Amino acid sequence: MVTAEAAPPTVSGRNGRRPVGEAARQLELVRTLGRGTSVPSIADEIALAVAAEIIEGRLSPGDDLNSVELARSFNSSRTPVREALLVLEREGFVEITARRRPRVARLLLSEVRELYNLRAELYALVSRAVVRTATEADLETLRGHQRALEDAAADGDVDRYFWINVQFRTTEADIARDATLRRVLDSLGLRALQLRHLSLSQPGRLEPSVRDHARLLQAYEDRDAELASALTQSLVRAGYTAIERSGWTGEEP
């Protein structure tokens, strides 16, 4: 269950103890949920914490969300908890029905396939735009993310790898400088994050992902739009294949 005031998770890696993608996680969740205030409310904190629990697989589809326990964890009344869960319901992350506890929403495999097909096409457009618009400074930012991906994969740290991977994709969308495309990507919201984490958490996924990102970065450096587009679609669809092989159905077990 979510706990309040938790310290940033750390790992002992080659570069000492450090946060597990904490900055990337916080920035992406705040951005996706549109919580841009400088001082987050209790409801914001609860929404962000529950979202992270779902995305990182500590809460599974169909799990109940106990409002009383959440309120106790955050030393709050149940009103901020209700506000937080309504935010997550609007994102399609939580189901709230009469006469039962809120629960983590389910997503059928057919819906996952549709979402991944859409993401593959959208990120192909992003990659073409990156080839057109990326400056040397932009490419250096992506190189920094790639080095961080390699480090996380070497440590076998799935959570840290995932949030750096998200940061890589967010940076690509920034570099594309296409506000409409960015809004469409953002509309996929937390669901896409949940599924991407599930995909990367499957055995043997990190090393191929690192190699594929390295090839994509090389295509950007070579200004090869066709190759970059094809590599991006391959990356996204490999994610769907991993979910399909995991046995995900989104239905009652």
# chains A, B, ... in the order shown; residues from 1 in each chain; ligands from 1

call {"tool": "residues_around", "arguments": {"residues": "Glu207 of chain A", "least_positions_apart": "2", "cutoff": "12 Å", "atoms": "only C-alpha atoms", "output": "PyMOL selection string"}}
result
chain A and resi 149-158+161+200-205+209-214

call {"tool": "closest_atom_pairs", "arguments": {"of": "segment 98-194 of chain A", "to": "segment 80-92 of chain A", "cutoff": "10 Å", "atoms": "only C-alpha atoms", "output": "JSON lines"}}
result
{"residue": "A:Pro102", "atom": "CA", "partner": "A:Leu85", "partner_atom": "CA", "distance": 7.9}
{"residue": "A:Arg103", "atom": "CA", "partner": "A:Leu85", "partner_atom": "CA", "distance": 9.4}
{"residue": "A:Val104", "atom": "CA", "partner": "A:Gly92", "partner_atom": "CA", "distance": 9.1}
{"residue": "A:Ala105", "atom": "CA", "partner": "A:Gly92", "partner_atom": "CA", "distance": 6.8}
{"residue": "A:Arg106", "atom": "CA", "partner": "A:Gly92", "partner_atom": "CA", "distance": 8.9}
{"residue": "A:Leu107", "atom": "CA", "partner": "A:Gly92", "partner_atom": "CA", "distance": 9.2}
{"residue": "A:Ser187", "atom": "CA", "partner": "A:Glu91", "partner_atom": "CA", "distance": 8.9}
{"residue": "A:Leu188", "atom": "CA", "partner": "A:Glu91", "partner_atom": "CA", "distance": 8.7}
{"residue": "A:Gly189", "atom": "CA", "partner": "A:Glu91", "partner_atom": "CA", "distance": 6.8}
{"residue": "A:Leu190", "atom": "CA", "partner": "A:Glu91", "partner_atom": "CA", "distance": 6.7}
{"residue": "A:Arg191", "atom": "CA", "partner": "A:Gly92", "partner_atom": "CA", "distance": 7.3}

call {"tool": "write_last_selection", "arguments": {"atoms": "N, CA and C atoms", "output": "PDB file, in the first residue's frame"}}
result
ATOM      1  N   PRO A 102     -13.391   1.584  -4.555  1.00  0.00           N
ATOM      2  CA  PRO A 102     -12.700   1.864  -5.810  1.00  0.00           C
ATOM      3  C   PRO A 102     -11.651   0.778  -6.076  1.00  0.00           C
ATOM      4  N   ARG A 103     -11.366   0.526  -7.335  1.00  0.00           N
ATOM      5  CA  ARG A 103     -10.350  -0.478  -7.635  1.00  0.00           C
ATOM      6  C   ARG A 103      -9.556  -0.055  -8.859  1.00  0.00           C
ATOM      7  N   VAL A 104      -8.396  -0.663  -9.011  1.00  0.00           N
ATOM      8  CA  VAL A 104      -7.539  -0.392 -10.162  1.00  0.00           C
ATOM      9  C   VAL A 104      -8.245  -0.895 -11.414  1.00  0.00           C
ATOM     10  N   ALA A 105      -8.348  -0.047 -12.417  1.00  0.00           N
ATOM     11  CA  ALA A 105      -9.091  -0.397 -13.630  1.00  0.00           C
ATOM     12  C   ALA A 105      -8.375  -1.472 -14.440  1.00  0.00           C
ATOM     13  N   ARG A 106      -9.159  -2.223 -15.175  1.00  0.00           N
ATOM     14  CA  ARG A 106      -8.629  -3.251 -16.065  1.00  0.00           C
ATOM     15  C   ARG A 106      -8.559  -2.716 -17.492  1.00  0.00           C
ATOM     16  N   LEU A 107      -7.737  -3.366 -18.300  1.00  0.00           N
ATOM     17  CA  LEU A 107      -7.617  -3.012 -19.706  1.00  0.00           C
ATOM     18  C   LEU A 107      -7.452  -4.309 -20.479  1.00  0.00           C
ATOM     19  N   SER A 187      -2.385  12.582 -24.263  1.00  0.00           N
ATOM     20  CA  SER A 187      -3.745  12.105 -24.010  1.00  0.00           C
ATOM     21  C   SER A 187      -3.772  10.600 -23.718  1.00  0.00           C
ATOM     22  N   LEU A 188      -2.713   9.883 -24.104  1.00  0.00           N
ATOM     23  CA  LEU A 188      -2.634   8.452 -23.804  1.00  0.00           C
ATOM     24  C   LEU A 188      -2.340   8.224 -22.329  1.00  0.00           C
ATOM     25  N   GLY A 189      -1.741   9.216 -21.697  1.00  0.00           N
ATOM     26  CA  GLY A 189      -1.640   9.328 -20.254  1.00  0.00           C
ATOM     27  C   GLY A 189      -1.030   8.161 -19.516  1.00  0.00           C
ATOM     28  N   LEU A 190      -1.584   7.922 -18.315  1.00  0.00           N
ATOM     29  CA  LEU A 190      -1.010   6.967 -17.383  1.00  0.00           C
ATOM     30  C   LEU A 190      -1.119   5.533 -17.870  1.00  0.00           C
ATOM     31  N   ARG A 191      -2.138   5.236 -18.659  1.00  0.00           N
ATOM     32  CA  ARG A 191      -2.304   3.882 -19.169  1.00  0.00           C
ATOM     33  C   ARG A 191      -1.063   3.438 -19.940  1.00  0.00           C
TER      34      ARG A 191
END

call {"tool": "closest_residue", "arguments": {"among": "A:His197, A:Arg245, A:Arg25, A:Arg223", "to": "Glu136 of chain A", "atoms": "only C-alpha atoms"}}
result
A:Arg223

call {"tool": "closest_residue", "arguments": {"among": "A:Val126, A:Leu48, A:Ala238, A:Ala219", "to": "Gly34 of chain A", "atoms": "only C-alpha atoms"}}
result
A:Leu48

call {"tool": "residues_around", "arguments": {"residues": "Glu114 of chain A", "least_positions_apart": "6", "cutoff": "12 Å", "atoms": "only C-alpha atoms", "output": "CSV table (one decimal) with C-alpha atoms, in the first residue's frame"}}
result
chain,number,residue,atom,x,y,z
A,107,LEU,CA,-7.6,-3.0,-19.7
A,108,LEU,CA,-8.3,-5.8,-22.2
A,120,ALA,CA,3.8,3.1,-32.9
A,121,GLU,CA,2.4,5.5,-35.6
A,188,LEU,CA,-2.6,8.5,-23.8
A,192,ALA,CA,0.6,4.0,-21.6
A,237,ARG,CA,5.7,-3.1,-31.1
A,240,TYR,CA,3.3,-5.0,-27.1

call {"tool": "closest_residue", "arguments": {"among": "A:Val112, A:Ala134, A:Ile243, A:Ile164", "to": "Arg177 of chain A", "atoms": "only C-alpha atoms"}}
result
A:Ala134

call {"tool": "residues_around", "arguments": {"residues": "Arg101 of chain A", "least_positions_apart": "2", "cutoff": "12 Å", "atoms": "only C-alpha atoms", "output": "list in words"}}
result
Gly62, Asp63, Asp64, Leu65, Asn66, Ser67, Val68, Glu69, Arg82, Leu85, Val94, Glu95, Ile96, Thr97, Ala98, Arg99, Arg103, Val104 and Ala105 of chain A

call {"tool": "write_last_selection", "arguments": {"atoms": "N, CA and C atoms", "output": "PDB file, in the first residue's frame"}}
result
ATOM      1  N   GLY A  62      -7.721  -4.636 -10.899  1.00  0.00           N
ATOM      2  CA  GLY A  62      -8.693  -5.316 -10.070  1.00  0.00           C
ATOM      3  C   GLY A  62      -8.455  -5.168  -8.582  1.00  0.00           C
ATOM      4  N   ASP A  63      -7.277  -4.706  -8.172  1.00  0.00           N
ATOM      5  CA  ASP A  63      -7.008  -4.531  -6.742  1.00  0.00           C
ATOM      6  C   ASP A  63      -7.886  -3.426  -6.166  1.00  0.00           C
ATOM      7  N   ASP A  64      -8.376  -3.663  -4.951  1.00  0.00           N
ATOM      8  CA  ASP A  64      -9.156  -2.645  -4.247  1.00  0.00           C
ATOM      9  C   ASP A  64      -8.246  -1.531  -3.735  1.00  0.00           C
ATOM     10  N   LEU A  65      -8.813  -0.328  -3.653  1.00  0.00           N
ATOM     11  CA  LEU A  65      -8.133   0.833  -3.076  1.00  0.00           C
ATOM     12  C   LEU A  65      -8.917   1.241  -1.837  1.00  0.00           C
ATOM     13  N   ASN A  66      -8.329   1.046  -0.685  1.00  0.00           N
ATOM     14  CA  ASN A  66      -9.000   1.296   0.586  1.00  0.00           C
ATOM     15  C   ASN A  66      -8.843   2.761   0.973  1.00  0.00           C
ATOM     16  N   SER A  67      -9.928   3.526   0.872  1.00  0.00           N
ATOM     17  CA  SER A  67      -9.886   4.958   1.154  1.00  0.00           C
ATOM     18  C   SER A  67      -9.478   5.245   2.592  1.00  0.00           C
ATOM     19  N   VAL A  68      -9.913   4.403   3.513  1.00  0.00           N
ATOM     20  CA  VAL A  68      -9.576   4.615   4.927  1.00  0.00           C
ATOM     21  C   VAL A  68      -8.082   4.449   5.142  1.00  0.00           C
ATOM     22  N   GLU A  69      -7.512   3.400   4.559  1.00  0.00           N
ATOM     23  CA  GLU A  69      -6.075   3.174   4.709  1.00  0.00           C
ATOM     24  C   GLU A  69      -5.269   4.285   4.043  1.00  0.00           C
ATOM     25  N   ARG A  82     -10.761  11.023  -1.869  1.00  0.00           N
ATOM     26  CA  ARG A  82     -11.791  10.981  -2.918  1.00  0.00           C
ATOM     27  C   ARG A  82     -11.398  11.850  -4.108  1.00  0.00           C
ATOM     28  N   LEU A  85      -8.698  10.007  -6.116  1.00  0.00           N
ATOM     29  CA  LEU A  85      -9.219   8.869  -6.871  1.00  0.00           C
ATOM     30  C   LEU A  85     -10.079   9.322  -8.053  1.00  0.00           C
ATOM     31  N   VAL A  94      -8.590   4.194 -12.465  1.00  0.00           N
ATOM     32  CA  VAL A  94      -9.343   3.699 -11.318  1.00  0.00           C
ATOM     33  C   VAL A  94     -10.813   3.590 -11.708  1.00  0.00           C
ATOM     34  N   GLU A  95     -11.463   2.520 -11.239  1.00  0.00           N
ATOM     35  CA  GLU A  95     -12.901   2.344 -11.442  1.00  0.00           C
ATOM     36  C   GLU A  95     -13.618   2.650 -10.134  1.00  0.00           C
ATOM     37  N   ILE A  96     -14.609   3.533 -10.189  1.00  0.00           N
ATOM     38  CA  ILE A  96     -15.394   3.881  -9.010  1.00  0.00           C
ATOM     39  C   ILE A  96     -16.851   3.555  -9.317  1.00  0.00           C
ATOM     40  N   THR A  97     -17.392   2.603  -8.583  1.00  0.00           N
ATOM     41  CA  THR A  97     -18.778   2.200  -8.781  1.00  0.00           C
ATOM     42  C   THR A  97     -19.511   2.226  -7.444  1.00  0.00           C
ATOM     43  N   ALA A  98     -20.827   2.255  -7.521  1.00  0.00           N
ATOM     44  CA  ALA A  98     -21.636   2.321  -6.294  1.00  0.00           C
ATOM     45  C   ALA A  98     -21.516   1.031  -5.490  1.00  0.00           C
ATOM     46  N   ARG A  99     -21.515   1.198  -4.181  1.00  0.00           N
ATOM     47  CA  ARG A  99     -21.587   0.097  -3.223  1.00  0.00           C
ATOM     48  C   ARG A  99     -20.404  -0.862  -3.268  1.00  0.00           C
ATOM     49  N   ARG A 103     -11.366   0.526  -7.335  1.00  0.00           N
ATOM     50  CA  ARG A 103     -10.350  -0.478  -7.635  1.00  0.00           C
ATOM     51  C   ARG A 103      -9.556  -0.055  -8.859  1.00  0.00           C
ATOM     52  N   VAL A 104      -8.396  -0.663  -9.011  1.00  0.00           N
ATOM     53  CA  VAL A 104      -7.539  -0.392 -10.162  1.00  0.00           C
ATOM     54  C   VAL A 104      -8.245  -0.895 -11.414  1.00  0.00           C
ATOM     55  N   ALA A 105      -8.348  -0.047 -12.417  1.00  0.00           N
ATOM     56  CA  ALA A 105      -9.091  -0.397 -13.630  1.00  0.00           C
ATOM     57  C   ALA A 105      -8.375  -1.472 -14.440  1.00  0.00           C
TER      58      ALA A 105
END

call {"tool": "select_by_dssp", "arguments": {"residues": "segment 21-101 of chain A", "states": "helix (DSSP H, G or I)", "output": "ChimeraX atom specification"}}
result
/A:22-33,42-55,67-73,78-90

call {"tool": "write_last_selection", "arguments": {"atoms": "C-alpha atoms", "output": "JSON list (two decimals), in the first residue's frame"}}
result
[["chain", "number", "residue", "atom", "x", "y", "z"],
["A", 22, "GLU", "CA", 13.00, 9.65, -8.85],
["A", 23, "ALA", "CA", 13.35, 12.97, -10.67],
["A", 24, "ALA", "CA", 12.15, 11.51, -13.98],
["A", 25, "ARG", "CA", 9.25, 9.75, -12.27],
["A", 26, "GLN", "CA", 8.07, 12.83, -10.40],
["A", 27, "LEU", "CA", 8.34, 15.12, -13.43],
["A", 28, "GLU", "CA", 6.49, 12.75, -15.74],
["A", 29, "LEU", "CA", 3.66, 12.01, -13.30],
["A", 30, "VAL", "CA", 3.18, 15.70, -12.47],
["A", 31, "ARG", "CA", 3.17, 16.56, -16.17],
["A", 32, "THR", "CA", 0.83, 13.74, -17.22],
["A", 33, "LEU", "CA", -1.67, 14.51, -14.47],
["A", 42, "ILE", "CA", -2.57, 16.43, -0.25],
["A", 43, "ALA", "CA", -4.91, 15.19, -2.99],
["A", 44, "ASP", "CA", -2.12, 15.68, -5.55],
["A", 45, "GLU", "CA", 0.34, 13.77, -3.40],
["A", 46, "ILE", "CA", -2.09, 10.89, -3.01],
["A", 47, "ALA", "CA", -2.88, 10.79, -6.75],
["A", 48, "LEU", "CA", 0.82, 10.78, -7.65],
["A", 49, "ALA", "CA", 1.65, 8.08, -5.10],
["A", 50, "VAL", "CA", -1.20, 5.77, -6.14],
["A", 51, "ALA", "CA", -0.37, 6.31, -9.83],
["A", 52, "ALA", "CA", 3.25, 5.31, -9.20],
["A", 53, "GLU", "CA", 2.11, 2.18, -7.33],
["A", 54, "ILE", "CA", -0.08, 1.14, -10.27],
["A", 55, "ILE", "CA", 2.47, 1.98, -12.97],
["A", 67, "SER", "CA", -9.89, 4.96, 1.15],
["A", 68, "VAL", "CA", -9.58, 4.61, 4.93],
["A", 69, "GLU", "CA", -6.07, 3.17, 4.71],
["A", 70, "LEU", "CA", -5.01, 5.83, 2.21],
["A", 71, "ALA", "CA", -6.31, 8.59, 4.46],
["A", 72, "ARG", "CA", -4.43, 7.09, 7.40],
["A", 73, "SER", "CA", -1.21, 6.76, 5.39],
["A", 78, "ARG", "CA", -11.10, 11.01, 3.28],
["A", 79, "THR", "CA", -11.98, 14.10, 1.20],
["A", 80, "PRO", "CA", -8.49, 14.46, -0.39],
["A", 81, "VAL", "CA", -8.51, 10.71, -1.02],
["A", 82, "ARG", "CA", -11.79, 10.98, -2.92],
["A", 83, "GLU", "CA", -10.40, 13.92, -4.91],
["A", 84, "ALA", "CA", -7.28, 11.94, -5.79],
["A", 85, "LEU", "CA", -9.22, 8.87, -6.87],
["A", 86, "LEU", "CA", -11.52, 10.99, -9.05],
["A", 87, "VAL", "CA", -8.44, 12.38, -10.80],
["A", 88, "LEU", "CA", -7.23, 8.84, -11.46],
["A", 89, "GLU", "CA", -10.71, 7.79, -12.60],
["A", 90, "ARG", "CA", -10.63, 10.54, -15.25]]

call {"tool": "atom_distance", "arguments": {"atom1": "atom CA of Gly247 of chain A", "atom2": "atom CA of Leu206 of chain A"}}
result
19.0 Å

call {"tool": "closest_residue", "arguments": {"among": "A:Ala225, A:Leu109, A:Leu217, A:Thr133", "to": "Asp174 of chain A", "atoms": "only C-alpha atoms"}}
result
A:Thr133

call {"tool": "closest_residue", "arguments": {"among": "A:Gln218, A:Ser199, A:Pro208, A:Gln194", "to": "Ala242 of chain A", "atoms": "only C-alpha atoms"}}
result
A:Ser199

call {"tool": "atom_distance", "arguments": {"atom1": "atom CA of Glu172 of chain A", "atom2": "atom CA of Leu231 of chain A"}}
result
13.7 Å

call {"tool": "atom_distance", "arguments": {"atom1": "atom CA of Leu235 of chain A", "atom2": "atom CA of Leu216 of chain A"}}
result
9.2 Å
